[in-house]
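Peer 1: Let me give you the structure first, and then I'll get to my questions.
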Number of protein chains: 2
Amino acid sequence: MPTYSNMDKALLSEEYKKLSEKYADYKARGLSLNMARGKPGAEQVSISNDMLNVIDPSTVFATEDCPDVRNYGCLDGIAEAKKIFADILNVGVENIFVGGNSSLNMMFDTIACFMEQGAGGKPWNQQGNIKFLCPAPGYDRHFGVTQYFGIEMVTVPMTENGPDMDVIEKLVSEDASIKGIWCVPKYSNPQGITYSDETVRRFAALKPAAKDFRIMWDNAYVIHDINGTPDTLLNIFDEVKKNGSEDMVIEFCSTSKITFPGAGVAALAASKNNLAILKKRYNFQTIGYDKINMLRHVLYFKNIDGVMAHMQKHRAVLEPRFKMVTDMLSEELSGLGVAEWTNPNGGYFVSVDVNEGCAKRVVALCKEAGVILTGAGATYPYGKDPKDSNIRLAPTYPPIEELKVAMEVFCTSVKLAALEKLI
Amino acid sequence: MPTYSNMDKALLSEEYKKLSEKYADYKARGLSLNMARGKPGAEQVSISNDMLNVIDPSTVFATEDCPDVRNYGCLDGIAEAKKIFADILNVGVENIFVGGNSSLNMMFDTIACFMEQGAGGKPWNQQGNIKFLCPAPGYDRHFGVTQYFGIEMVTVPMTENGPDMDVIEKLVSEDASIKGIWCVPKYSNPQGITYSDETVRRFAALKPAAKDFRIMWDNAYVIHDINGTPDTLLNIFDEVKKNGSEDMVIEFCSTSKITFPGAGVAALAASKNNLAILKKRYNFQTIGYDKINMLRHVLYFKNIDGVMAHMQKHRAVLEPRFKMVTDMLSEELSGLGVAEWTNPNGGYFVSVDVNEGCAKRVVALCKEAGVILTGAGATYPYGKDPKDSNIRLAPTYPPIEELKVAMEVFCTSVKLAALEKLI
């Protein structure tokens with residue numbers, strides 16, 4: 001089939017009629033499917049079930065540096081959990097702070113901390129209008145946190161190598177009101193792009209006008225490969241060390257997509273100076289996070305090898321799902337000039353760029369036919385995709401047979417929306 | 001023995017010599033004892049061990065309103081956990097938000113939320129200098145949170161019926177910069193005082209000049225009785241409802257001293273309006289707290305009766321400890337005119353008022369002899385006890401034989417410090 005834009009009116013009408021009938025059939029089925037959130041599916045949340053009885057009354061509750069994990073104390077987590085996170089992120093254990101069940105919460109608290117106390121300079125909330133760079137398409141919850149704190153968001157375009165570093169270098173060197181940037185450096189949300197070595201090096205070499213500029217390095221998918229050709233990401237902490245700019249980066253990760261989304265363990269990695277600032281706040285905020293759950297993870301995984309072996313079980317569930325999604329996109333949409341998409345080697349999303357001005361319509365068509373997608377625009381600051389083009393597909397949650405139907409509806413809707421524009 | 005102040009110089013010198021020798025003996029023993037924090041002891045943290053294998057792979061992870069507790073979602077907690085907290089606090093389930101492992105964290109986040117968003121009015125951090133009332137002696141971590149956020153603390157004296165309501169009524173009606181008050185209404189920290197019905201009613205009837213005035217009702221010891229004559233506390237939510245001032249109170253509690261100090265579940269109770277404000281923030285801060293741990297608690301306790309039966313096991317551990325402490329205070333210090341103390345029916349502390357100007361000295365003497373107490377002054381805002389008189393004893397953590405020795409050292413130190421002033 002030729003691209004739609006090369007078809008004559010008659011052919012377009014015929015195609016539109018055919019697709020409309022197909023769409024009407026789907027609609028008549030009264031579907032209720034959901035591809036909206038990057039949520040592990042039922043199979044995945046069962047993978048770690050054995051972790052739930054790894055602790056029993058016979059367990060020794062004293063750990064290397066904590067006399068009793070059941071009791072208060074040990075603000076920054078138990079040594080054994082720090083070690084596992086240090087190995088996952090390839091940083092020193094002395095750089096690790098192990099928190100509660102959510103890295104989003106740790107990111108939120110980090111921004112709150114810098115608003116209240118500053119990041120080595122004046123508190124951010126006493127510096128007037130401040131800004132954050134937001135590579136987009138990006139993670140809607142990052143943008144949500146930024147907006148909650150009243151920080152102005154500045155969109156930075158994504159390239160196949162990560163955020164456009166020319167833009168970033170220029171902006172941060174000129175504007176001292178830019179206090180930070182959100183990054184998902186590996187298998188970025190939603191595109192699944194891993195930042196190139198050069199991108200990481202250029203991040204580490206940034207010379208921001210703001211001395212209190214911070215890179216929020218959300219390494220959510222650090223070991224979340226979904227096929228046999230995983231990406232590799234340069235270790236930014238090694239690079240900033242070379243430049244003496246270790247204070248510029250704070251890295252986050254969690255086991256939410258390793259063990260249990262609702263009951264994992266989150267951690268951050270930061271320089272000595274940043275840890276001191278953050279701990280000053282944590283010290284008032286809590287007496288300590290759930291160390292029994294840390295121990296549960298430690299006893300279950302034992303070490304980084306245990307974690308990596310475990311990730312193969314997730315890959316086994318996810319690989320066929322992602323393959324199905326990208327195969328269907330190829331089969332249904334290739335060559336029509338209606339969409340471009342990514343083929344990620346890891347992460348939780350496939351990003352689809354439909355024709356300009358069509359994303360909202362596609363999402364609406366899907367919704368009408370009972371398929372919920374992430375809202376169009378959600379991947380951009382303030383929920384506004386300037387081209388109304390990007391759609392995030394989250395293939396992990398629905399049962400695979402439902403995913404297939406949802407993708408059929410999606411592909412049909414993409415074509416219909418494109419045809420509506422042409423006819 | 002007569003009171004010290006009625007003794008003549010010779011008798012005082014003799015007593016001082018005798019006590020100094022006794023003190024030197026303790027010192028020579030190289031003790032290392034700790035009565036500083038309200039931390040459950042080893043016996044107590046083992047009481048709930050069976051909870052740790054109540055969940056296993058055969059558990060049904062779907063609950064009343066949550067399709068899978070292992071996964072993301074259910075921001076305000078699972079219905080079954082809400083029910084237990086609602087029954088503990090005697091409020092409606094619709095008023096409950098179940099959080100992470102720490103009520104301190106929820107209090108901190110509540111203050112942070114009001115600083116950022118306001119409590120129905122302008123954000124607190126945009127209202128210039130604001131103040132909080134701090135009944136004292138009180139809980140040092142409350143004061144810590146207040147100080148962290150730069151809120152000015154105004155000390156309110158405690159009476160045997162709770163905070164001095166005459167003072168509070170006058171202050172809040174006159175000064176709109178007073179935005180709130182910290183209360184531990186049952187078995188107060190450190191005195192173990194339970195607010196009288198009249199005190200609770202006067203709290204509920206407050207007419208603050210600040211419309212965004214909030215009572216932080218930290219009901220940490222709501223069911224934490226330690227003997228057969230427990231106190232009862234009027235339900236403040238019933239009272240504020242009568243006055244249409246439900247937005248004035250936010251109540252906090254947790255299972256930290258019911259199950260595991262480091263791995264319990266915390267909750268707050270608040271009006272619809274306050275919940276809306278708080279949830280706006282929580283919605284950006286996290287996708288949800290650890291619902292597996294909520295389910296663990298629910299399956300273990302089943303209901304409020306299970307919780308209450310469980311508290312009897314804590315009482316069995318704590319009653320002899322508190323009895324020993326107050327018995328020793330009576331035997332060693334009664335009638336000497338060197339100290340007054342409380343005999344609480346619950347909670348985690350015994351509060352001792354030594355002679356004016358002696359508290360720091362007593363704490364120092366104890367420290368020198370290897371017994372760590374809560375720092376003198378810690379029970380007052382900014383760590384400054386105007387009379388240098390209050391000392392908080394925390395009898396729960398050390399093994400009971402160590403507690404006995406620690407109390408001997410303490411009583412000896414109290415007498416020595418008093419004699420030093422007299423001689």
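We name chains A, B, ... following the order of the structure tokens; residues begin at 1 in each chain, and ligands are numbered from 1 as shown.
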Identify all chain A residues at most 7 Å from chain B by counting only C-alpha atoms; ligands do not count. Present them as a PyMOL selection string.
Peer 2: chain A and resi 39+45+49-50+52-53+55-57+69-72+101-102+104-105+108+144-145+260-263+284-286+288-292
Peer 1: Any chance you can output those residues with N, CA and C atoms as an mmCIF file, in the first residue's frame?
Peer 2:
data_model
loop_
_atom_site.group_PDB
_atom_site.id
_atom_site.type_symbol
_atom_site.label_atom_id
_atom_site.label_comp_id
_atom_site.auth_asym_id
_atom_site.auth_seq_id
_atom_site.Cartn_x
_atom_site.Cartn_y
_atom_site.Cartn_z
ATOM 1 N N LYS A 39 2.863 -0.023 34.282
ATOM 2 C CA LYS A 39 2.565 -0.831 35.465
ATOM 3 C C LYS A 39 2.889 -2.276 35.140
ATOM 4 N N VAL A 45 4.195 -9.248 38.803
ATOM 5 C CA VAL A 45 4.154 -9.028 40.258
ATOM 6 C C VAL A 45 4.173 -10.347 41.023
ATOM 7 N N ASN A 49 7.044 -13.329 44.443
ATOM 8 C CA ASN A 49 6.236 -13.790 45.581
ATOM 9 C C ASN A 49 7.033 -14.510 46.664
ATOM 10 N N ASP A 50 8.042 -15.256 46.248
ATOM 11 C CA ASP A 50 8.815 -16.002 47.251
ATOM 12 C C ASP A 50 9.541 -15.077 48.228
ATOM 13 N N LEU A 52 8.196 -12.897 49.879
ATOM 14 C CA LEU A 52 7.283 -12.524 50.958
ATOM 15 C C LEU A 52 7.344 -13.454 52.164
ATOM 16 N N ASN A 53 7.946 -14.623 51.999
ATOM 17 C CA ASN A 53 8.154 -15.411 53.224
ATOM 18 C C ASN A 53 9.613 -15.753 53.463
ATOM 19 N N ILE A 55 11.447 -13.801 55.197
ATOM 20 C CA ILE A 55 11.659 -13.431 56.607
ATOM 21 C C ILE A 55 10.635 -14.170 57.445
ATOM 22 N N ASP A 56 11.087 -14.798 58.501
ATOM 23 C CA ASP A 56 10.180 -15.440 59.443
ATOM 24 C C ASP A 56 10.751 -15.252 60.843
ATOM 25 N N PRO A 57 10.040 -15.723 61.849
ATOM 26 C CA PRO A 57 10.508 -15.441 63.217
ATOM 27 C C PRO A 57 11.922 -15.951 63.509
ATOM 28 N N VAL A 69 16.747 -4.657 62.798
ATOM 29 C CA VAL A 69 16.051 -3.964 61.695
ATOM 30 C C VAL A 69 14.587 -3.708 62.029
ATOM 31 N N ARG A 70 14.069 -4.395 63.043
ATOM 32 C CA ARG A 70 12.669 -4.191 63.399
ATOM 33 C C ARG A 70 12.457 -2.876 64.149
ATOM 34 N N ASN A 71 13.518 -2.388 64.754
ATOM 35 C CA ASN A 71 13.391 -1.221 65.626
ATOM 36 C C ASN A 71 13.665 0.087 64.867
ATOM 37 N N TYR A 72 13.600 1.192 65.583
ATOM 38 C CA TYR A 72 13.899 2.505 65.007
ATOM 39 C C TYR A 72 15.376 2.604 64.610
ATOM 40 N N ASN A 101 9.420 3.088 49.823
ATOM 41 C CA ASN A 101 8.999 2.206 48.729
ATOM 42 C C ASN A 101 8.916 2.910 47.381
ATOM 43 N N SER A 102 9.374 4.156 47.294
ATOM 44 C CA SER A 102 9.096 4.899 46.065
ATOM 45 C C SER A 102 10.211 5.874 45.715
ATOM 46 N N LEU A 104 9.955 7.925 43.254
ATOM 47 C CA LEU A 104 9.241 9.180 42.975
ATOM 48 C C LEU A 104 9.178 10.022 44.245
ATOM 49 N N ASN A 105 8.868 9.354 45.350
ATOM 50 C CA ASN A 105 8.817 10.046 46.639
ATOM 51 C C ASN A 105 10.180 10.652 46.985
ATOM 52 N N PHE A 108 10.649 13.680 44.776
ATOM 53 C CA PHE A 108 9.785 14.752 45.287
ATOM 54 C C PHE A 108 10.422 15.392 46.521
ATOM 55 N N GLY A 144 4.908 16.711 36.812
ATOM 56 C CA GLY A 144 3.948 16.979 37.879
ATOM 57 C C GLY A 144 4.620 17.530 39.128
ATOM 58 N N VAL A 145 5.727 16.904 39.535
ATOM 59 C CA VAL A 145 6.463 17.367 40.719
ATOM 60 C C VAL A 145 6.940 18.802 40.504
ATOM 61 N N PHE A 260 8.243 -5.563 43.815
ATOM 62 C CA PHE A 260 6.829 -5.187 43.841
ATOM 63 C C PHE A 260 6.661 -3.680 43.624
ATOM 64 N N PRO A 261 5.841 -3.302 42.650
ATOM 65 C CA PRO A 261 5.638 -1.872 42.390
ATOM 66 C C PRO A 261 5.190 -1.112 43.640
ATOM 67 N N GLY A 262 4.356 -1.741 44.455
ATOM 68 C CA GLY A 262 3.845 -1.047 45.623
ATOM 69 C C GLY A 262 4.659 -1.273 46.879
ATOM 70 N N ALA A 263 5.606 -2.193 46.843
ATOM 71 C CA ALA A 263 6.288 -2.555 48.094
ATOM 72 C C ALA A 263 7.755 -2.884 47.852
ATOM 73 N N PHE A 284 14.864 15.176 60.149
ATOM 74 C CA PHE A 284 13.667 15.719 60.796
ATOM 75 C C PHE A 284 12.401 15.015 60.320
ATOM 76 N N GLN A 285 12.486 14.454 59.122
ATOM 77 C CA GLN A 285 11.293 13.905 58.478
ATOM 78 C C GLN A 285 10.919 12.529 59.011
ATOM 79 N N THR A 286 11.920 11.754 59.399
ATOM 80 C CA THR A 286 11.645 10.370 59.788
ATOM 81 C C THR A 286 12.743 9.864 60.717
ATOM 82 N N GLY A 288 13.533 6.663 60.290
ATOM 83 C CA GLY A 288 14.124 5.662 59.406
ATOM 84 C C GLY A 288 13.045 4.989 58.570
ATOM 85 N N TYR A 289 13.443 4.447 57.442
ATOM 86 C CA TYR A 289 12.496 3.758 56.555
ATOM 87 C C TYR A 289 12.373 2.281 56.946
ATOM 88 N N ASP A 290 11.565 1.564 56.199
ATOM 89 C CA ASP A 290 11.228 0.177 56.548
ATOM 90 C C ASP A 290 12.433 -0.743 56.305
ATOM 91 N N LYS A 291 13.149 -1.045 57.368
ATOM 92 C CA LYS A 291 14.369 -1.855 57.231
ATOM 93 C C LYS A 291 14.063 -3.350 57.157
ATOM 94 N N ILE A 292 12.882 -3.753 57.633
ATOM 95 C CA ILE A 292 12.507 -5.167 57.450
ATOM 96 C C ILE A 292 12.351 -5.440 55.956
#
Peer 1: Quick check for you: according to DSSP on this backbone, which residues of region 105-287 of chain B are classed as strand (DSSP E or B)? Reply as a ChimeraX atom specification.
Peer 2: /B:131-136,152-159,162-163,178-183,214-218,225,249-254,266-270
Peer 1: Got time to write the residues from that selection, N, CA, C and O atoms, as a compact mmCIF listing (two decimals), in the first residue's frame?
Peer 2:
# COMPACT_ATOMS: atom_id res chain seq x y z
N LYS B 131 3.90 31.27 63.51
CA LYS B 131 4.22 30.67 64.82
C LYS B 131 3.43 29.40 65.07
O LYS B 131 2.33 29.22 64.53
N PHE B 132 3.98 28.57 65.89
CA PHE B 132 3.31 27.36 66.37
C PHE B 132 3.36 27.34 67.89
O PHE B 132 4.40 27.67 68.48
N LEU B 133 2.26 26.95 68.49
CA LEU B 133 2.26 26.78 69.95
C LEU B 133 2.82 25.41 70.29
O LEU B 133 2.48 24.41 69.64
N CYS B 134 3.68 25.37 71.29
CA CYS B 134 4.35 24.14 71.68
C CYS B 134 4.18 23.91 73.17
O CYS B 134 4.96 24.44 73.98
N PRO B 135 3.15 23.15 73.56
CA PRO B 135 3.05 22.78 74.96
C PRO B 135 4.34 22.10 75.39
O PRO B 135 4.84 21.23 74.67
N ALA B 136 4.87 22.52 76.53
CA ALA B 136 6.15 21.98 76.98
C ALA B 136 6.12 21.76 78.48
O ALA B 136 5.53 22.56 79.19
N GLU B 152 8.32 29.91 64.07
CA GLU B 152 8.66 30.33 65.44
C GLU B 152 7.85 29.53 66.45
O GLU B 152 6.65 29.34 66.30
N MET B 153 8.54 29.05 67.48
CA MET B 153 7.86 28.24 68.50
C MET B 153 7.54 29.09 69.73
O MET B 153 8.40 29.81 70.23
N VAL B 154 6.31 28.97 70.19
CA VAL B 154 5.87 29.68 71.39
C VAL B 154 5.53 28.63 72.44
O VAL B 154 4.63 27.81 72.24
N THR B 155 6.24 28.66 73.54
CA THR B 155 6.02 27.66 74.58
C THR B 155 4.73 27.93 75.34
O THR B 155 4.43 29.07 75.71
N VAL B 156 3.96 26.86 75.54
CA VAL B 156 2.75 26.94 76.37
C VAL B 156 2.95 25.97 77.53
O VAL B 156 3.33 24.82 77.32
N PRO B 157 2.72 26.43 78.76
CA PRO B 157 2.96 25.51 79.89
C PRO B 157 1.96 24.35 79.93
O PRO B 157 0.82 24.50 79.51
N MET B 158 2.42 23.22 80.40
CA MET B 158 1.54 22.07 80.63
C MET B 158 0.97 22.17 82.04
O MET B 158 1.63 22.63 82.96
N THR B 159 -0.27 21.71 82.19
CA THR B 159 -0.86 21.53 83.51
C THR B 159 -1.18 20.05 83.65
O THR B 159 -1.00 19.28 82.70
N GLY B 162 -3.46 18.91 80.83
CA GLY B 162 -3.06 19.19 79.46
C GLY B 162 -2.49 20.59 79.36
O GLY B 162 -2.23 21.23 80.38
N PRO B 163 -2.32 21.10 78.14
CA PRO B 163 -1.76 22.44 77.98
C PRO B 163 -2.66 23.48 78.65
O PRO B 163 -3.87 23.28 78.75
N ILE B 178 -0.26 32.81 64.48
CA ILE B 178 -0.19 31.48 65.10
C ILE B 178 -1.00 30.51 64.25
O ILE B 178 -2.21 30.63 64.14
N LYS B 179 -0.30 29.57 63.63
CA LYS B 179 -0.93 28.70 62.64
C LYS B 179 -1.24 27.31 63.16
O LYS B 179 -1.88 26.52 62.47
N GLY B 180 -0.75 26.99 64.34
CA GLY B 180 -1.04 25.64 64.80
C GLY B 180 -0.46 25.35 66.16
O GLY B 180 0.17 26.20 66.79
N ILE B 181 -0.71 24.12 66.61
CA ILE B 181 -0.22 23.67 67.91
C ILE B 181 0.06 22.18 67.84
O ILE B 181 -0.63 21.44 67.12
N TRP B 182 1.09 21.75 68.52
CA TRP B 182 1.41 20.33 68.64
C TRP B 182 0.79 19.77 69.91
O TRP B 182 0.99 20.34 70.99
N CYS B 183 0.08 18.66 69.78
CA CYS B 183 -0.51 18.02 70.96
C CYS B 183 -0.23 16.52 70.95
O CYS B 183 -0.37 15.88 69.90
N ARG B 214 -4.24 25.07 62.63
CA ARG B 214 -4.43 23.62 62.64
C ARG B 214 -3.86 22.99 63.92
O ARG B 214 -2.72 23.30 64.32
N ILE B 215 -4.63 22.10 64.51
CA ILE B 215 -4.19 21.35 65.69
C ILE B 215 -3.58 20.03 65.22
O ILE B 215 -4.26 19.22 64.59
N MET B 216 -2.31 19.86 65.48
CA MET B 216 -1.62 18.62 65.12
C MET B 216 -1.79 17.67 66.31
O MET B 216 -1.05 17.75 67.29
N TRP B 217 -2.76 16.79 66.20
CA TRP B 217 -3.22 15.93 67.30
C TRP B 217 -2.51 14.58 67.17
O TRP B 217 -3.01 13.66 66.55
N ASP B 218 -1.32 14.51 67.75
CA ASP B 218 -0.47 13.32 67.59
C ASP B 218 -0.86 12.28 68.64
O ASP B 218 -0.30 12.25 69.74
N ASP B 225 -1.79 1.66 76.88
CA ASP B 225 -1.91 1.63 78.34
C ASP B 225 -0.84 0.71 78.92
O ASP B 225 -0.43 -0.27 78.30
N VAL B 249 -8.60 20.18 63.03
CA VAL B 249 -7.82 19.09 63.64
C VAL B 249 -7.31 18.09 62.61
O VAL B 249 -8.05 17.68 61.72
N ILE B 250 -6.05 17.71 62.73
CA ILE B 250 -5.54 16.57 61.98
C ILE B 250 -4.91 15.62 63.00
O ILE B 250 -4.08 16.03 63.82
N GLU B 251 -5.36 14.38 62.96
CA GLU B 251 -4.93 13.41 63.97
C GLU B 251 -3.97 12.40 63.34
O GLU B 251 -4.14 12.00 62.20
N PHE B 252 -2.98 11.98 64.12
CA PHE B 252 -1.97 11.05 63.62
C PHE B 252 -1.81 9.86 64.56
O PHE B 252 -1.95 10.01 65.78
N CYS B 253 -1.50 8.72 63.99
CA CYS B 253 -1.13 7.58 64.83
C CYS B 253 -0.38 6.57 63.96
O CYS B 253 -0.25 6.76 62.75
N SER B 254 0.13 5.53 64.57
CA SER B 254 0.84 4.51 63.80
C SER B 254 0.91 3.22 64.61
O SER B 254 0.57 3.20 65.79
N ALA B 266 1.57 3.86 59.36
CA ALA B 266 1.09 5.12 59.95
C ALA B 266 -0.17 5.57 59.24
O ALA B 266 -0.44 5.17 58.10
N ALA B 267 -0.94 6.40 59.93
CA ALA B 267 -2.17 6.91 59.32
C ALA B 267 -2.49 8.28 59.90
O ALA B 267 -2.00 8.65 60.98
N LEU B 268 -3.29 9.02 59.15
CA LEU B 268 -3.82 10.26 59.69
C LEU B 268 -5.33 10.28 59.49
O LEU B 268 -5.86 9.58 58.62
N ALA B 269 -5.99 11.07 60.33
CA ALA B 269 -7.43 11.28 60.20
C ALA B 269 -7.66 12.77 60.04
O ALA B 269 -7.07 13.58 60.77
N ALA B 270 -8.48 13.11 59.06
CA ALA B 270 -8.70 14.53 58.78
C ALA B 270 -10.05 14.73 58.12
O ALA B 270 -10.66 13.79 57.61
Peer 1: Identify, with DSSP run on backbone atoms, the residues in region 181-356 of chain B assigned to helix (DSSP H, G or I), and express the list as number ranges by chain.
Peer 2: B: 197-204, 236-243, 246-248, 272-285, 291-301, 304-333
Peer 1: Go through A:Val350, A:Val172, A:Ala220, A:Val91 one by one, measure the shortest atom-to-atom distance of each to Phe237 (chain A) using only C-alpha atoms, and give the residue with the smallest value.
Peer 2: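 Closest candidate: A:Val91.
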Peer 1: Taking 3 positions as the minimum chain separation for residues in the same chain, which residues sit within 12 Å of Asn6 (chain A) when counting only C-alpha atoms? Answer as JSON, numbers by chain.
Peer 2: {"A": [1, 2, 3, 9, 10, 11, 12, 335, 336, 337, 338, 419, 422]}
Peer 1: Emit the selected residues as a compact mmCIF listing (two decimals), in the first residue's frame, including N, CA and C atoms.
Peer 2:
# COMPACT_ATOMS: atom_id res chain seq x y z
N MET A 1 0.83 -1.20 0.00
CA MET A 1 0.00 0.00 0.00
C MET A 1 0.88 1.26 0.00
N PRO A 2 0.55 2.26 -0.82
CA PRO A 2 1.36 3.49 -0.84
C PRO A 2 1.08 4.32 0.42
N THR A 3 1.93 5.32 0.65
CA THR A 3 1.63 6.21 1.77
C THR A 3 0.32 6.93 1.49
N LYS A 9 -8.10 10.58 -3.93
CA LYS A 9 -9.29 10.73 -3.10
C LYS A 9 -10.11 9.45 -3.00
N ALA A 10 -10.26 8.80 -4.12
CA ALA A 10 -11.10 7.60 -4.16
C ALA A 10 -10.53 6.50 -3.29
N LEU A 11 -9.23 6.28 -3.44
CA LEU A 11 -8.57 5.25 -2.64
C LEU A 11 -8.66 5.58 -1.15
N LEU A 12 -8.42 6.87 -0.84
CA LEU A 12 -8.49 7.31 0.56
C LEU A 12 -9.89 7.05 1.13
N GLY A 335 5.12 2.34 6.24
CA GLY A 335 5.00 2.80 4.86
C GLY A 335 3.80 3.66 4.57
N LEU A 336 2.89 3.82 5.54
CA LEU A 336 1.69 4.61 5.28
C LEU A 336 1.91 6.10 5.53
N GLY A 337 3.05 6.40 6.15
CA GLY A 337 3.28 7.82 6.47
C GLY A 337 2.36 8.34 7.54
N VAL A 338 1.95 7.47 8.45
CA VAL A 338 1.03 7.92 9.51
C VAL A 338 1.66 7.91 10.90
N LEU A 419 -6.40 9.71 8.17
CA LEU A 419 -7.29 9.84 7.01
C LEU A 419 -8.25 11.02 7.19
N LEU A 422 -6.71 13.98 5.97
CA LEU A 422 -6.43 14.03 4.53
C LEU A 422 -7.68 14.22 3.69
Peer 1: Any idea what's packed within 10 Å of Glu408 (chain A), counting only C-alpha atoms, ignoring anything in its chain fewer than 5 positions away? Could you give it as a list in words?
Peer 2: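 With the cut-off at 10 Å, the set is Lys22, Tyr23, Tyr26, Val325, Met328, Leu329, Glu332, Cys366, Glu402, Leu403, Ser413 and Val414 of chain A.
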Peer 1: Just all heavy atoms for this one: save the residues we selected as a compact mmCIF listing (two decimals), in the first residue's frame.
Peer 2:
# COMPACT_ATOMS: atom_id res chain seq x y z
N LYS A 22 -14.22 -1.44 10.46
CA LYS A 22 -13.41 -2.22 11.41
C LYS A 22 -13.52 -1.59 12.81
O LYS A 22 -13.73 -2.27 13.81
CB LYS A 22 -11.96 -2.20 10.93
CG LYS A 22 -11.09 -3.33 11.43
CD LYS A 22 -9.74 -3.33 10.72
CE LYS A 22 -8.74 -4.17 11.49
NZ LYS A 22 -7.38 -4.05 10.93
N TYR A 23 -13.38 -0.26 12.83
CA TYR A 23 -13.47 0.48 14.09
C TYR A 23 -14.84 0.28 14.75
O TYR A 23 -14.93 0.06 15.96
CB TYR A 23 -13.20 1.96 13.83
CG TYR A 23 -13.29 2.84 15.06
CD1 TYR A 23 -12.24 2.88 15.97
CD2 TYR A 23 -14.42 3.61 15.32
CE1 TYR A 23 -12.31 3.67 17.11
CE2 TYR A 23 -14.50 4.40 16.45
CZ TYR A 23 -13.45 4.43 17.35
OH TYR A 23 -13.54 5.21 18.47
N TYR A 26 -14.95 -3.01 16.51
CA TYR A 26 -14.28 -2.98 17.82
C TYR A 26 -15.19 -2.30 18.85
O TYR A 26 -15.36 -2.78 19.96
CB TYR A 26 -12.95 -2.23 17.73
CG TYR A 26 -11.86 -2.99 17.02
CD1 TYR A 26 -11.22 -2.47 15.90
CD2 TYR A 26 -11.48 -4.27 17.47
CE1 TYR A 26 -10.22 -3.18 15.25
CE2 TYR A 26 -10.48 -4.98 16.81
CZ TYR A 26 -9.85 -4.43 15.70
OH TYR A 26 -8.87 -5.13 15.07
N VAL A 325 3.99 -5.67 20.12
CA VAL A 325 3.61 -4.28 19.89
C VAL A 325 4.36 -3.69 18.69
O VAL A 325 3.75 -3.11 17.79
CB VAL A 325 3.87 -3.44 21.16
CG1 VAL A 325 3.81 -1.94 20.85
CG2 VAL A 325 2.85 -3.81 22.23
N MET A 328 3.32 -5.38 15.40
CA MET A 328 2.00 -4.92 14.92
C MET A 328 2.10 -3.52 14.34
O MET A 328 1.45 -3.21 13.33
CB MET A 328 0.98 -4.97 16.05
CG MET A 328 0.50 -6.39 16.33
SD MET A 328 -0.69 -6.45 17.69
CE MET A 328 -2.16 -5.78 16.89
N LEU A 329 2.89 -2.67 15.00
CA LEU A 329 3.07 -1.32 14.46
C LEU A 329 3.66 -1.41 13.06
O LEU A 329 3.21 -0.73 12.12
CB LEU A 329 3.98 -0.49 15.38
CG LEU A 329 3.39 -0.09 16.73
CD1 LEU A 329 4.47 0.49 17.65
CD2 LEU A 329 2.25 0.94 16.56
N GLU A 332 1.03 -2.99 10.57
CA GLU A 332 -0.17 -2.18 10.33
C GLU A 332 0.14 -0.79 9.79
O GLU A 332 -0.66 -0.23 9.05
CB GLU A 332 -0.96 -2.03 11.65
CG GLU A 332 -1.56 -3.32 12.17
CD GLU A 332 -2.82 -3.70 11.39
OE1 GLU A 332 -3.53 -2.79 10.94
OE2 GLU A 332 -3.07 -4.92 11.23
N CYS A 366 -9.48 5.83 20.49
CA CYS A 366 -9.22 4.61 21.28
C CYS A 366 -10.16 4.57 22.49
O CYS A 366 -10.75 3.53 22.79
CB CYS A 366 -7.76 4.58 21.74
SG CYS A 366 -6.63 4.09 20.42
N GLU A 402 -5.36 -9.27 25.56
CA GLU A 402 -6.00 -7.95 25.55
C GLU A 402 -5.10 -6.90 24.89
O GLU A 402 -5.57 -6.00 24.19
CB GLU A 402 -6.31 -7.49 26.98
CG GLU A 402 -7.45 -8.26 27.64
CD GLU A 402 -7.87 -7.65 28.96
OE1 GLU A 402 -7.44 -6.53 29.31
OE2 GLU A 402 -8.66 -8.30 29.67
N LEU A 403 -3.81 -7.04 25.14
CA LEU A 403 -2.84 -6.12 24.55
C LEU A 403 -2.95 -6.15 23.03
O LEU A 403 -2.90 -5.13 22.35
CB LEU A 403 -1.42 -6.51 24.99
CG LEU A 403 -0.28 -5.67 24.44
CD1 LEU A 403 -0.37 -4.22 24.90
CD2 LEU A 403 1.08 -6.27 24.85
N SER A 413 -7.08 3.27 14.85
CA SER A 413 -7.35 4.67 15.22
C SER A 413 -6.31 5.61 14.63
O SER A 413 -6.63 6.72 14.19
CB SER A 413 -7.38 4.82 16.75
OG SER A 413 -8.39 4.01 17.31
N VAL A 414 -5.05 5.16 14.61
CA VAL A 414 -3.99 5.99 14.03
C VAL A 414 -4.27 6.25 12.55
O VAL A 414 -4.18 7.38 12.06
CB VAL A 414 -2.60 5.31 14.19
CG1 VAL A 414 -1.53 6.04 13.37
CG2 VAL A 414 -2.19 5.28 15.67
Peer 1: Would you mind reading off the distance between CA of Lys387 (chain A) and CA of Lys27 (chain A), one decimal, in Å?
Peer 2: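 Rounded to one decimal, the two atoms are 27.6 Å apart.
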